[in-house]
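Asks: The structure under discussion is supplied below as structure tokens; questions concerning it will follow.
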Amino acid sequence: MLIHDGMTLELVSESSGRSYDMRSKALGKLLHIARLEGWQPERVPHEWPSDSWETEIILPHLEPYMPNRVSRADAEGLRIALTRALATGTVAADGTVQAVAGTLLQVAREGAFRVRFARSESLEPQPPFGAVPA
């Protein structure tokens with residue numbers, strides 16, 4: 001399914017089961033900021049629109065994670081990069097994501113998590129948490 005910037009995604013911690021809602025545009029921008037701060041995601045190609053902040057350009061590069069699982073190693077790298085971005089003020093440069101940066105940081109601190117469409121966005125049934133799709 002094509003991800004667009006107005007979609008709501010649900011981030012579900014595998015360790016605690018807590019879920020957090022986030023707009024795909026905000027998640028895409030935060031993952032982009034994390035990438036610029038040194039995050040090396042496992043499933044994203046090395047070609048990266050490093051100079052672009054346009055959501056339409058960023059989101060296709062992040063499709064391996066939307067919807068999908070973010071591994072513990074990816075979550076740890078994401079945590080480190082987001083902490084750096086918050087400390088240096090990089091996140092503050094884009095006020096649209098500053099408020100949700102803390103949420104993503106909390107999810108990443110908990111380890112591996114799933115990114116899935118929020119129930120209202122889903123066009124097809126989602127597998128129960130912890131289930132592996134066939």
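The way I read the labels, and the way they are meant: chains A, B, ... in the order of the structure tokens, residue 1 as the first residue of every chain, and ligand 1 as the first ligand shown, with later ones counted on from there.
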I want to know what sits within 12 Å of A:Arg109, based on only C-alpha atoms, with residues of the same chain fewer than 2 positions away left out; could you give that as number ranges by chain?
Replies: A: 13-16, 71-83, 102-107, 111-113
Asks: Measure the distance from atom CA of A:Gly89 to atom CA of A:Ala34 in Å and round it to one decimal.
Replies: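 Between atom CA of A:Gly89 and atom CA of A:Ala34 the gap works out to 12.3 Å.
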Asks: Expressed in Å to a single decimal, how great is the separation between atom CA of A:Pro67 and atom CA of A:Leu27?
Replies: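 These atoms are spaced 11.6 Å apart.
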Asks: Would you kindly return, as a VMD selection string, each protein, DNA or RNA residue with an atom no farther than 7 Å from any atom of A:Met22, considering only C-alpha atoms and excluding same-chain residues fewer than 3 positions away?
Replies: chain A and resid 8 to 10 26 to 27
Asks: Would you save the residues from that selection as a short mmCIF file (atom, residue, chain, number, x, y, z; two decimals), in the first residue's frame, using C-alpha atoms?
Replies:
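The file below, part-v4.cif, is the result:
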```cif
data_model
loop_
_atom_site.label_atom_id
_atom_site.label_comp_id
_atom_site.auth_asym_id
_atom_site.auth_seq_id
_atom_site.Cartn_x
_atom_site.Cartn_y
_atom_site.Cartn_z
CA THR A 8 -1.90 7.75 10.84
CA LEU A 9 0.43 4.95 11.84
CA GLU A 10 0.53 3.02 15.08
CA ALA A 26 6.04 13.19 11.18
CA LEU A 27 7.51 9.68 11.36
#
```
